Structure formats: C-alpha cells, structure tokens
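Chemist: Contents of final10.cif (mmCIF, C-alpha atoms):
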```
data_my_file
loop_
_atom_site.label_atom_id
_atom_site.label_comp_id
_atom_site.auth_asym_id
_atom_site.auth_seq_id
_atom_site.Cartn_x
_atom_site.Cartn_y
_atom_site.Cartn_z
CA MET A 1 -23.83 -2.00 -13.83
CA PRO A 2 -22.42 -3.07 -10.45
CA ASN A 3 -23.73 -6.30 -9.01
CA ARG A 4 -24.68 -4.55 -5.80
CA THR A 5 -23.49 -1.95 -3.31
CA VAL A 6 -20.92 -2.69 -0.63
CA PHE A 7 -20.75 -0.49 2.47
CA PHE A 8 -17.69 -0.21 4.73
CA VAL A 9 -18.96 1.14 8.04
CA SER A 10 -16.76 2.16 10.94
CA ASP A 11 -16.68 4.38 14.00
CA GLY A 12 -13.07 5.14 12.99
CA THR A 13 -11.58 5.90 9.59
CA GLY A 14 -13.03 2.83 7.87
CA ILE A 15 -9.65 1.84 6.48
CA THR A 16 -9.56 -1.51 8.27
CA ALA A 17 -13.10 -2.42 7.20
CA GLU A 18 -12.43 -1.42 3.61
CA THR A 19 -9.06 -3.15 3.37
CA PHE A 20 -10.40 -6.40 4.81
CA GLY A 21 -13.61 -6.21 2.82
CA LYS A 22 -11.86 -5.62 -0.48
CA ALA A 23 -9.53 -8.55 0.19
CA ILE A 24 -12.54 -10.81 0.68
CA LEU A 25 -14.43 -9.45 -2.33
CA ALA A 26 -11.39 -9.95 -4.56
CA GLN A 27 -12.17 -13.67 -4.40
CA PHE A 28 -15.40 -13.11 -6.35
CA ASP A 29 -16.02 -12.04 -9.93
CA ILE A 30 -18.22 -9.05 -9.12
CA ALA A 31 -18.00 -5.31 -9.67
CA PRO A 32 -19.74 -3.74 -6.67
CA ARG A 33 -20.19 -0.06 -5.93
CA HIS A 34 -18.10 0.83 -2.87
CA VAL A 35 -19.31 3.26 -0.20
CA ARG A 36 -17.14 4.05 2.83
CA LEU A 37 -18.97 5.46 5.86
CA PRO A 38 -16.38 6.50 8.49
CA PHE A 39 -16.86 8.01 11.96
CA ILE A 40 -20.29 6.44 12.55
CA ASP A 41 -19.98 6.93 16.31
CA THR A 42 -23.41 8.16 17.52
CA PRO A 43 -26.94 6.71 17.43
CA ASP A 44 -28.04 9.50 15.08
CA LYS A 45 -25.29 8.65 12.60
CA ALA A 46 -26.18 4.97 12.94
CA HIS A 47 -29.79 5.68 11.97
CA GLN A 48 -28.60 7.72 8.98
CA THR A 49 -26.40 4.79 7.95
CA VAL A 50 -29.35 2.39 8.18
CA ARG A 51 -31.42 4.68 5.95
CA GLN A 52 -28.62 4.86 3.36
CA ILE A 53 -28.14 1.08 3.32
CA ASN A 54 -31.87 0.43 3.06
CA HIS A 55 -32.22 2.97 0.26
CA ALA A 56 -29.59 1.05 -1.72
CA PHE A 57 -31.60 -2.13 -1.11
CA GLU A 58 -34.79 -0.49 -2.43
CA LEU A 59 -33.04 0.79 -5.56
CA GLU A 60 -31.17 -2.41 -6.42
CA GLY A 61 -33.50 -5.07 -5.11
CA LYS A 62 -30.54 -6.88 -3.56
CA PRO A 63 -29.29 -6.71 0.03
CA PRO A 64 -26.15 -4.58 0.19
CA LEU A 65 -23.02 -6.14 1.68
CA VAL A 66 -22.04 -4.33 4.88
CA PHE A 67 -18.53 -4.76 6.30
CA THR A 68 -18.27 -3.12 9.70
CA THR A 69 -15.67 -2.57 12.39
CA VAL A 70 -17.99 -0.57 14.67
CA VAL A 71 -17.02 -1.12 18.31
CA ASP A 72 -19.71 0.86 20.14
CA LEU A 73 -22.40 -1.68 21.05
CA GLU A 74 -25.29 0.80 20.92
CA VAL A 75 -24.32 2.02 17.46
CA LEU A 76 -23.72 -1.52 16.20
CA THR A 77 -27.08 -2.73 17.55
CA ILE A 78 -28.94 0.00 15.65
CA ILE A 79 -27.21 -0.97 12.42
CA ARG A 80 -27.62 -4.71 12.98
CA GLN A 81 -31.33 -4.48 13.80
CA GLY A 82 -32.28 -1.86 11.22
CA CYS A 83 -30.33 -2.46 8.02
CA LYS A 84 -31.58 -4.69 5.22
CA GLY A 85 -28.11 -5.71 4.16
CA MET A 86 -25.87 -8.67 4.84
CA LEU A 87 -23.91 -7.49 7.89
CA LEU A 88 -20.35 -8.78 8.29
CA ASP A 89 -19.15 -7.72 11.74
CA MET A 90 -15.40 -8.22 11.65
CA PHE A 91 -14.78 -7.41 15.31
CA GLY A 92 -17.62 -9.68 16.39
CA THR A 93 -16.25 -12.45 14.18
CA PHE A 94 -12.68 -12.29 15.41
CA VAL A 95 -12.43 -10.29 18.66
CA GLN A 96 -15.12 -12.09 20.65
CA PRO A 97 -13.75 -15.61 20.02
CA LEU A 98 -10.29 -14.33 20.95
CA GLU A 99 -11.65 -12.86 24.20
CA GLN A 100 -13.06 -16.28 25.06
CA GLU A 101 -9.88 -18.11 24.11
CA LEU A 102 -7.52 -15.72 25.92
CA GLY A 103 -9.79 -15.22 28.90
CA ILE A 104 -9.44 -11.42 28.79
CA LYS A 105 -11.45 -8.54 27.42
CA SER A 106 -10.19 -6.56 24.43
CA HIS A 107 -9.69 -2.80 24.66
CA HIS A 108 -12.67 -2.21 22.34
CA ARG A 109 -10.68 0.68 21.00
CA VAL A 110 -12.16 2.71 18.16
CA GLY A 111 -9.93 2.65 15.08
CA ARG A 112 -6.35 1.55 14.67
CA PHE A 113 -5.16 5.16 15.08
CA SER A 114 -6.26 5.54 18.70
CA ASP A 115 -3.77 7.31 20.97
CA VAL A 116 -1.68 8.02 17.89
CA SER A 117 0.22 10.86 19.58
CA GLN A 118 1.61 8.30 22.04
CA SER A 119 2.69 5.85 19.36
CA GLN A 120 6.40 5.70 18.55
CA ALA A 121 5.58 3.58 15.52
CA TYR A 122 3.42 6.40 14.14
CA HIS A 123 6.21 8.96 14.58
CA ASP A 124 8.67 6.56 12.97
CA ARG A 125 6.32 6.24 10.02
CA ILE A 126 6.07 10.02 9.56
CA GLU A 127 9.86 10.29 9.74
CA ALA A 128 10.19 7.53 7.16
CA ILE A 129 7.79 9.27 4.78
CA ASN A 130 9.74 12.53 5.05
CA PHE A 131 12.99 10.64 4.43
CA SER A 132 11.60 8.88 1.36
CA LEU A 133 10.30 12.14 -0.12
CA ALA A 134 13.65 13.86 0.46
CA HIS A 135 15.51 10.95 -1.18
CA ASP A 136 13.16 10.43 -4.11
CA ASP A 137 14.68 10.05 -7.57
CA GLY A 138 18.23 10.68 -6.32
CA GLN A 139 17.44 14.17 -4.99
CA SER A 140 19.81 13.84 -2.04
CA ASN A 141 22.86 11.81 -1.01
CA ARG A 142 22.68 12.96 2.59
CA ASP A 143 22.19 10.45 5.38
CA LEU A 144 22.05 7.40 3.13
CA GLU A 145 23.55 5.43 5.99
CA GLY A 146 20.18 5.99 7.69
CA ALA A 147 18.27 4.34 4.86
CA ASP A 148 16.72 0.93 5.42
CA VAL A 149 16.36 0.28 1.68
CA ILE A 150 17.75 1.91 -1.47
CA LEU A 151 15.88 1.11 -4.69
CA VAL A 152 17.58 1.43 -8.08
CA GLY A 153 16.28 1.03 -11.62
CA VAL A 154 15.55 2.88 -14.83
CA SER A 155 13.16 5.81 -14.81
CA ARG A 156 9.48 4.80 -14.45
CA SER A 157 10.16 1.27 -13.22
CA GLY A 158 8.13 1.77 -10.01
CA LYS A 159 10.75 3.06 -7.57
CA THR A 160 8.84 6.06 -6.18
CA PRO A 161 5.50 4.37 -5.39
CA THR A 162 7.31 1.40 -3.87
CA SER A 163 9.46 3.69 -1.70
CA LEU A 164 6.42 5.56 -0.42
CA TYR A 165 4.52 2.34 0.22
CA LEU A 166 7.41 0.96 2.29
CA ALA A 167 7.51 4.20 4.28
CA MET A 168 3.77 4.52 4.83
CA GLN A 169 2.95 0.89 5.53
CA HIS A 170 6.13 -0.34 7.21
CA GLY A 171 7.85 2.79 8.51
CA LEU A 172 10.98 2.09 6.46
CA LYS A 173 13.28 4.84 5.27
CA ALA A 174 13.44 4.08 1.55
CA ALA A 175 15.61 6.06 -0.87
CA ASN A 176 15.49 5.54 -4.61
CA TYR A 177 17.93 6.32 -7.42
CA PRO A 178 17.39 6.25 -11.18
CA LEU A 179 19.99 4.50 -13.33
CA ILE A 180 20.84 6.89 -16.18
CA PRO A 181 22.99 6.78 -19.36
CA GLU A 182 26.01 8.18 -17.50
CA ASP A 183 25.88 5.18 -15.15
CA PHE A 184 25.69 2.80 -18.12
CA GLU A 185 28.71 4.47 -19.76
CA ARG A 186 30.73 4.05 -16.56
CA ARG A 187 29.30 0.55 -16.15
CA GLN A 188 29.10 1.23 -12.42
CA LEU A 189 26.55 2.13 -9.81
CA PRO A 190 26.24 5.82 -8.85
CA PRO A 191 29.27 6.44 -6.60
CA ALA A 192 27.14 7.58 -3.65
CA LEU A 193 25.46 4.15 -3.51
CA VAL A 194 28.54 1.93 -3.55
CA PRO A 195 29.17 2.03 0.25
CA HIS A 196 25.56 0.94 0.83
CA ARG A 197 25.43 -1.99 -1.55
CA LYS A 198 23.87 -4.35 1.03
CA LYS A 199 20.81 -2.10 1.27
CA ILE A 200 20.25 -1.86 -2.48
CA PHE A 201 17.43 -3.62 -4.28
CA GLY A 202 16.87 -3.35 -8.02
CA LEU A 203 13.64 -2.92 -9.99
CA THR A 204 13.39 -3.70 -13.67
CA ILE A 205 10.49 -3.78 -16.14
CA ASN A 206 9.52 -5.16 -19.54
CA PRO A 207 10.81 -2.69 -22.20
CA GLU A 208 7.49 -2.69 -24.10
CA ARG A 209 5.60 -1.81 -20.93
CA LEU A 210 8.19 0.81 -20.04
CA SER A 211 7.77 2.42 -23.46
CA GLN A 212 4.00 2.60 -22.93
CA ILE A 213 4.38 4.23 -19.52
CA ARG A 214 6.93 6.77 -20.74
CA SER A 215 4.84 7.57 -23.83
CA GLU A 216 1.99 8.66 -21.58
CA ARG A 217 4.30 11.24 -20.06
CA ARG A 218 6.45 12.26 -23.04
CA PRO A 219 4.89 10.93 -26.29
CA GLY A 220 7.15 10.74 -29.33
CA SER A 221 10.31 11.38 -27.32
CA ARG A 222 13.62 9.53 -27.45
CA TYR A 223 13.03 8.87 -23.75
CA ALA A 224 9.96 6.78 -24.60
CA ALA A 225 11.27 5.11 -27.79
CA LEU A 226 11.13 1.32 -27.61
CA ASP A 227 14.73 0.80 -28.73
CA ASN A 228 15.93 3.20 -26.03
CA CYS A 229 13.84 1.44 -23.40
CA ARG A 230 15.28 -1.91 -24.47
CA MET A 231 18.81 -0.53 -24.21
CA GLU A 232 18.27 1.02 -20.76
CA VAL A 233 16.62 -2.08 -19.31
CA ALA A 234 19.33 -4.38 -20.68
CA GLU A 235 22.11 -2.13 -19.34
CA ALA A 236 20.43 -1.78 -15.95
CA GLU A 237 19.95 -5.53 -15.55
CA ALA A 238 23.54 -6.18 -16.61
CA MET A 239 24.78 -3.63 -14.06
CA MET A 240 22.74 -5.21 -11.28
CA ARG A 241 24.08 -8.67 -12.14
CA ARG A 242 27.67 -7.41 -12.14
CA SER A 243 27.14 -5.69 -8.80
CA GLY A 244 25.46 -8.68 -7.17
CA ILE A 245 22.26 -6.72 -6.52
CA ARG A 246 19.01 -8.57 -5.95
CA TRP A 247 16.26 -7.43 -8.30
CA LEU A 248 12.84 -8.26 -9.71
CA SER A 249 10.61 -7.24 -12.59
CA THR A 250 7.70 -4.96 -11.68
CA THR A 251 5.89 -5.55 -15.01
CA THR A 252 3.07 -7.72 -13.67
CA LYS A 253 3.42 -7.15 -9.92
CA SER A 254 1.44 -4.91 -7.60
CA ILE A 255 3.15 -2.48 -5.24
CA GLU A 256 2.21 -4.79 -2.36
CA GLU A 257 3.88 -7.77 -4.04
CA ILE A 258 7.01 -5.76 -4.84
CA ALA A 259 7.28 -4.46 -1.27
CA THR A 260 6.76 -7.93 0.22
CA THR A 261 9.53 -9.38 -1.94
CA ILE A 262 11.90 -6.58 -0.93
CA LEU A 263 11.15 -7.13 2.76
CA GLN A 264 11.77 -10.86 2.44
CA GLU A 265 15.07 -10.35 0.64
CA LEU A 266 16.57 -7.48 2.64
CA ARG A 267 14.94 -8.14 6.03
CA PRO A 268 15.56 -4.64 7.48
CA GLU A 269 16.77 -4.71 11.06
CA ARG A 270 14.00 -2.48 12.41
CA LEU A 271 11.34 -5.03 11.45
CA SER A 272 10.69 -8.19 13.43
CA TYR A 273 9.96 -11.47 11.61
#
```
What do you get writing this file as structure tokens?

Modeler:
Amino acid sequence: MPNRTVFFVSDGTGITAETFGKAILAQFDIAPRHVRLPFIDTPDKAHQTVRQINHAFELEGKPPLVFTTVVDLEVLTIIRQGCKGMLLDMFGTFVQPLEQELGIKSHHRVGRFSDVSQSQAYHDRIEAINFSLAHDDGQSNRDLEGADVILVGVSRSGKTPTSLYLAMQHGLKAANYPLIPEDFERRQLPPALVPHRKKIFGLTINPERLSQIRSERRPGSRYAALDNCRMEVAEAEAMMRRSGIRWLSTTTKSIEEIATTILQELRPERLSY
C-alpha cells in the first residue's frame, strides 16, 4: 500500500509541480500514490480540488502532500484554506523571496508554456524532435552537418531514447546510428559518420544486460544470444577506442544522467554554459 497520496496541483500543465515534487520525494523511502491535477484555474475547479484532497485524507487518515504551482491568488487561497493536506507552494517559496531581493514583481505567468507561439526556443525544440525522428537508427544520412550530436552504439544500447530526450529537453538535433556486423568487419565507423567525428558520442552496455533487453524483443534469437552480445559490445568498444570517440556505459545510468554526460563532453554550440 502507498504511504499516502501526493497531489501535484497547477493552473498550467502540472509538469513543473510534478517534476519538482518527484525530485524532492526521491529523497525519501516512500511509495506514494501520485495524482496530477492540471489546469486548476477557476474557483470552481479549486473547490473540486479541495474536495478530492480532503477525500484522500478521510480514506487514508494521513494528510496528503500537495505540491502546487498555482499562480492565481484567488484559486490558491481556496486550496490553501480548504485542503487538509500539507501544502507546498513552490512559487510562494521561491518567487516571493526573489521579488523582494530583486525589487521587482514577477510576471505571475501561468505555466512554463505561456506565449509558446512566440517562443523561438519552442520552435527549435519541435524542429529538433523532427530531426531526431528522421535520423533515428541510421534511417537517413541527409543533413548530418546540421546535427548537434550523433550517437553510436550497438542495437538496444539506449541511443533512441537518449536522442529524443536531448531533442525534447534541450532542443538538440540528435542523430543516432547502430554499429552492425558489417562495421565490425570493416573495423571502421559507418562512412557517412567519418566527416562528423567531433559530434559523435558512443554508448555501450553490459553484455548480460543487453542480452536480457534483446531477449524481451526477440527471445531465443542469435541477436539476443549472450555470446553474440559479448562480441558486439567488445567490437563496438574497440572501434570507439580506435576512433578516439568518447563513450560511456548506459547499464546503470538513467536517460537524464546519460544526456548530462553527453552535454558536458560535447558542449554543443547552441547551448550556453
């Protein structure tokens, strides 16, 4: 059974509240039930939210944890005064002290996606996602000079999810290429990648873990056999060493950790540090 219910309440999408809240909760050994309540932007919705939070309190006998990024003061006041949970107002905690320190009022803008049609960063992110999808798994060699990052590694080593994460979170155009037996026979990188060596980053993985992942997709196949996985990983790592390519093992790392390492190593020009 979960320890208690956690609500993420926002007058926007709730992504900021949930992301921040989960990061805080990760410090504690609990297994709460998560409930995201987005677009709580009217008094009526605020009262409904209060009823839902208080119902959880009645069922569980413990005050729910409520992370909120609600900006509208009227809506926030209803929730603050009516709910029987522990309210953690992230904007009140951080924005108000900053207003005092900076001597200016914040925009009190609802959600991080406000005025999205006017945001060049948003359009860059969409373009990056399209690029990464078009260049997934070596589908296309076109416009590789436009790539910010090119990931290489054996099949199922984490290239696709990392590419999409880099595109969605950082607006980077990330291509990815699988290293295959033909590359190992030639003992060279795929020819299309050679001119872009400085943009290449390698991903590897523990052969036993790779075999498990591949067996879920193609059980009993040569593709998933442990000896084949050991051969492919060894050949791929040897190729990356010969080519002077930076690389890391994804075996025990999250997508966020992988992406952060790549950004630190390659430092794409479009990002500021």

Chemist: Identify which of the residues A:Ile205, A:Ile40, A:Ala26, A:Ala192 lies closest to Gln139 of chain A, counting only C-alpha atoms when measuring atom-to-atom distances.

Modeler: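 Between A:Ile205, A:Ile40, A:Ala26, A:Ala192, the residue approaching Gln139 of chain A most closely is A:Ala192.
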
Chemist: Go through A:Phe131, A:Phe91, A:Phe39, A:Tyr177 and flag the residue nearest Leu193 of chain A, using only C-alpha atoms for the distances.

Modeler: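 That would be A:Tyr177, the residue with the smallest distance to Leu193 of chain A.
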
Chemist: Report as number ranges by chain the full result of the PyMOL selection byres ((chain A and resi 225) around 12) when it is applied to this structure.

Modeler: A: 207-216, 218-224, 226-232

Chemist: Between A:Gly82, A:Gly153, A:Pro191, A:Gly171, which is the closest to Glu237 of chain A once you count only C-alpha atoms?

Modeler: A:Gly153

Chemist: Measure the distance from atom CA of Gln52 of chain A to atom CA of Phe8 of chain A in Å and round it to one decimal.

Modeler: 12.1 Å

Chemist: Which one is closest to Ile200 of chain A: A:Asn176, A:Gln120, A:Thr42, A:Asn130? Count all atoms listed in the file.

Modeler: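 Selected residue with least distance to Ile200 of chain A: A:Asn176.
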
Chemist: So, with all atoms listed in the file as the atoms that count, which of A:Thr5, A:Ser163, A:Thr93, A:Asn141 lies closest to Leu25 of chain A?

Modeler: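 Distance minimum relative to Leu25 of chain A lands on A:Thr5.
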
Chemist: If I take atom CA of Tyr165 of chain A and atom CA of Ile255 of chain A, how far is one from the other in Å, to one decimal?

Modeler: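 Pair atom CA of Tyr165 of chain A / atom CA of Ile255 of chain A returns 7.4 Å.
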
Chemist: Step by step, work through what the PyMOL selection byres ((chain A and resi 160) around 8) selects in the shown file, and finish by giving those residues as a ChimeraX atom specification.

Modeler: /A:136-137,158-159,161-164,176

Chemist: Mind giving me the straight-line distance from atom CA of Pro195 of chain A to atom CA of Ser157 of chain A in Å, one decimal?

Modeler: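 These atoms are spaced 23.3 Å apart.
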
Chemist: Please check which residues have atoms at most 7 Å from (-20.9, -0.9, 0.2) in the file's coordinates, counting all atoms listed in the file, and write them as number ranges by chain.

Modeler: A: 5-8, 33-36, 64-66

Chemist: Could the residues in this selection be saved with C-alpha atoms as a tab-separated table (two decimals), keeping the file's coordinate frame?

Modeler:
```
chain	number	residue	atom	x	y	z
A	5	THR	CA	-23.49	-1.95	-3.31
A	6	VAL	CA	-20.92	-2.69	-0.63
A	7	PHE	CA	-20.75	-0.49	2.47
A	8	PHE	CA	-17.69	-0.21	4.73
A	33	ARG	CA	-20.19	-0.06	-5.93
A	34	HIS	CA	-18.10	0.83	-2.87
A	35	VAL	CA	-19.31	3.26	-0.20
A	36	ARG	CA	-17.14	4.05	2.83
A	64	PRO	CA	-26.15	-4.58	0.19
A	65	LEU	CA	-23.02	-6.14	1.68
A	66	VAL	CA	-22.04	-4.33	4.88
```

Chemist: Can segment 38-60 of chain A be brought up to N, CA, C and O atoms and written out as a compact mmCIF listing (two decimals), in the frame of the given file?

Modeler:
```txt
# COMPACT_ATOMS: atom_id res chain seq x y z
N PRO A 38 -17.21 6.43 7.28
CA PRO A 38 -16.38 6.50 8.49
C PRO A 38 -17.03 7.32 9.60
O PRO A 38 -18.01 8.04 9.38
N PHE A 39 -16.48 7.20 10.79
CA PHE A 39 -16.86 8.01 11.96
C PHE A 39 -18.35 7.89 12.29
O PHE A 39 -19.00 8.87 12.67
N ILE A 40 -18.90 6.70 12.16
CA ILE A 40 -20.29 6.44 12.55
C ILE A 40 -20.25 6.09 14.04
O ILE A 40 -20.18 4.92 14.43
N ASP A 41 -20.27 7.12 14.89
CA ASP A 41 -19.98 6.93 16.31
C ASP A 41 -21.08 7.46 17.23
O ASP A 41 -20.87 7.61 18.44
N THR A 42 -22.29 7.74 16.69
CA THR A 42 -23.41 8.16 17.52
C THR A 42 -24.67 7.45 17.02
O THR A 42 -24.74 7.02 15.86
N PRO A 43 -25.68 7.32 17.87
CA PRO A 43 -26.94 6.71 17.43
C PRO A 43 -27.55 7.43 16.24
O PRO A 43 -28.10 6.77 15.33
N ASP A 44 -27.47 8.75 16.20
CA ASP A 44 -28.04 9.50 15.08
C ASP A 44 -27.35 9.12 13.77
O ASP A 44 -28.01 8.89 12.74
N LYS A 45 -26.03 9.03 13.80
CA LYS A 45 -25.29 8.65 12.60
C LYS A 45 -25.61 7.20 12.22
O LYS A 45 -25.65 6.86 11.04
N ALA A 46 -25.84 6.36 13.22
CA ALA A 46 -26.18 4.97 12.94
C ALA A 46 -27.51 4.88 12.21
O ALA A 46 -27.66 4.10 11.25
N HIS A 47 -28.50 5.68 12.64
CA HIS A 47 -29.79 5.68 11.97
C HIS A 47 -29.67 6.20 10.54
O HIS A 47 -30.32 5.67 9.62
N GLN A 48 -28.84 7.21 10.33
CA GLN A 48 -28.60 7.72 8.98
C GLN A 48 -27.98 6.63 8.10
O GLN A 48 -28.32 6.48 6.93
N THR A 49 -27.05 5.88 8.69
CA THR A 49 -26.40 4.79 7.95
C THR A 49 -27.42 3.73 7.55
O THR A 49 -27.41 3.24 6.41
N VAL A 50 -28.30 3.38 8.47
CA VAL A 50 -29.35 2.39 8.18
C VAL A 50 -30.21 2.86 7.02
O VAL A 50 -30.53 2.08 6.10
N ARG A 51 -30.59 4.15 7.03
CA ARG A 51 -31.42 4.68 5.95
C ARG A 51 -30.69 4.60 4.61
O ARG A 51 -31.29 4.27 3.59
N GLN A 52 -29.39 4.90 4.61
CA GLN A 52 -28.62 4.86 3.36
C GLN A 52 -28.50 3.43 2.84
O GLN A 52 -28.64 3.18 1.63
N ILE A 53 -28.26 2.49 3.73
CA ILE A 53 -28.14 1.08 3.32
C ILE A 53 -29.48 0.58 2.78
O ILE A 53 -29.54 -0.08 1.73
N ASN A 54 -30.55 0.90 3.48
CA ASN A 54 -31.87 0.43 3.06
C ASN A 54 -32.31 1.08 1.76
O ASN A 54 -33.03 0.46 0.96
N HIS A 55 -31.90 2.31 1.53
CA HIS A 55 -32.22 2.97 0.26
C HIS A 55 -31.54 2.25 -0.90
O HIS A 55 -32.14 2.07 -1.97
N ALA A 56 -30.29 1.81 -0.68
CA ALA A 56 -29.59 1.05 -1.72
C ALA A 56 -30.33 -0.26 -2.00
O ALA A 56 -30.44 -0.70 -3.15
N PHE A 57 -30.84 -0.88 -0.94
CA PHE A 57 -31.60 -2.13 -1.11
C PHE A 57 -32.86 -1.89 -1.96
O PHE A 57 -33.19 -2.69 -2.85
N GLU A 58 -33.56 -0.80 -1.68
CA GLU A 58 -34.79 -0.49 -2.43
C GLU A 58 -34.49 -0.21 -3.90
O GLU A 58 -35.26 -0.61 -4.79
N LEU A 59 -33.38 0.46 -4.18
CA LEU A 59 -33.04 0.79 -5.56
C LEU A 59 -32.58 -0.43 -6.36
O LEU A 59 -32.92 -0.58 -7.53
N GLU A 60 -31.81 -1.30 -5.71
CA GLU A 60 -31.17 -2.41 -6.42
C GLU A 60 -31.93 -3.72 -6.31
O GLU A 60 -31.73 -4.64 -7.12
```
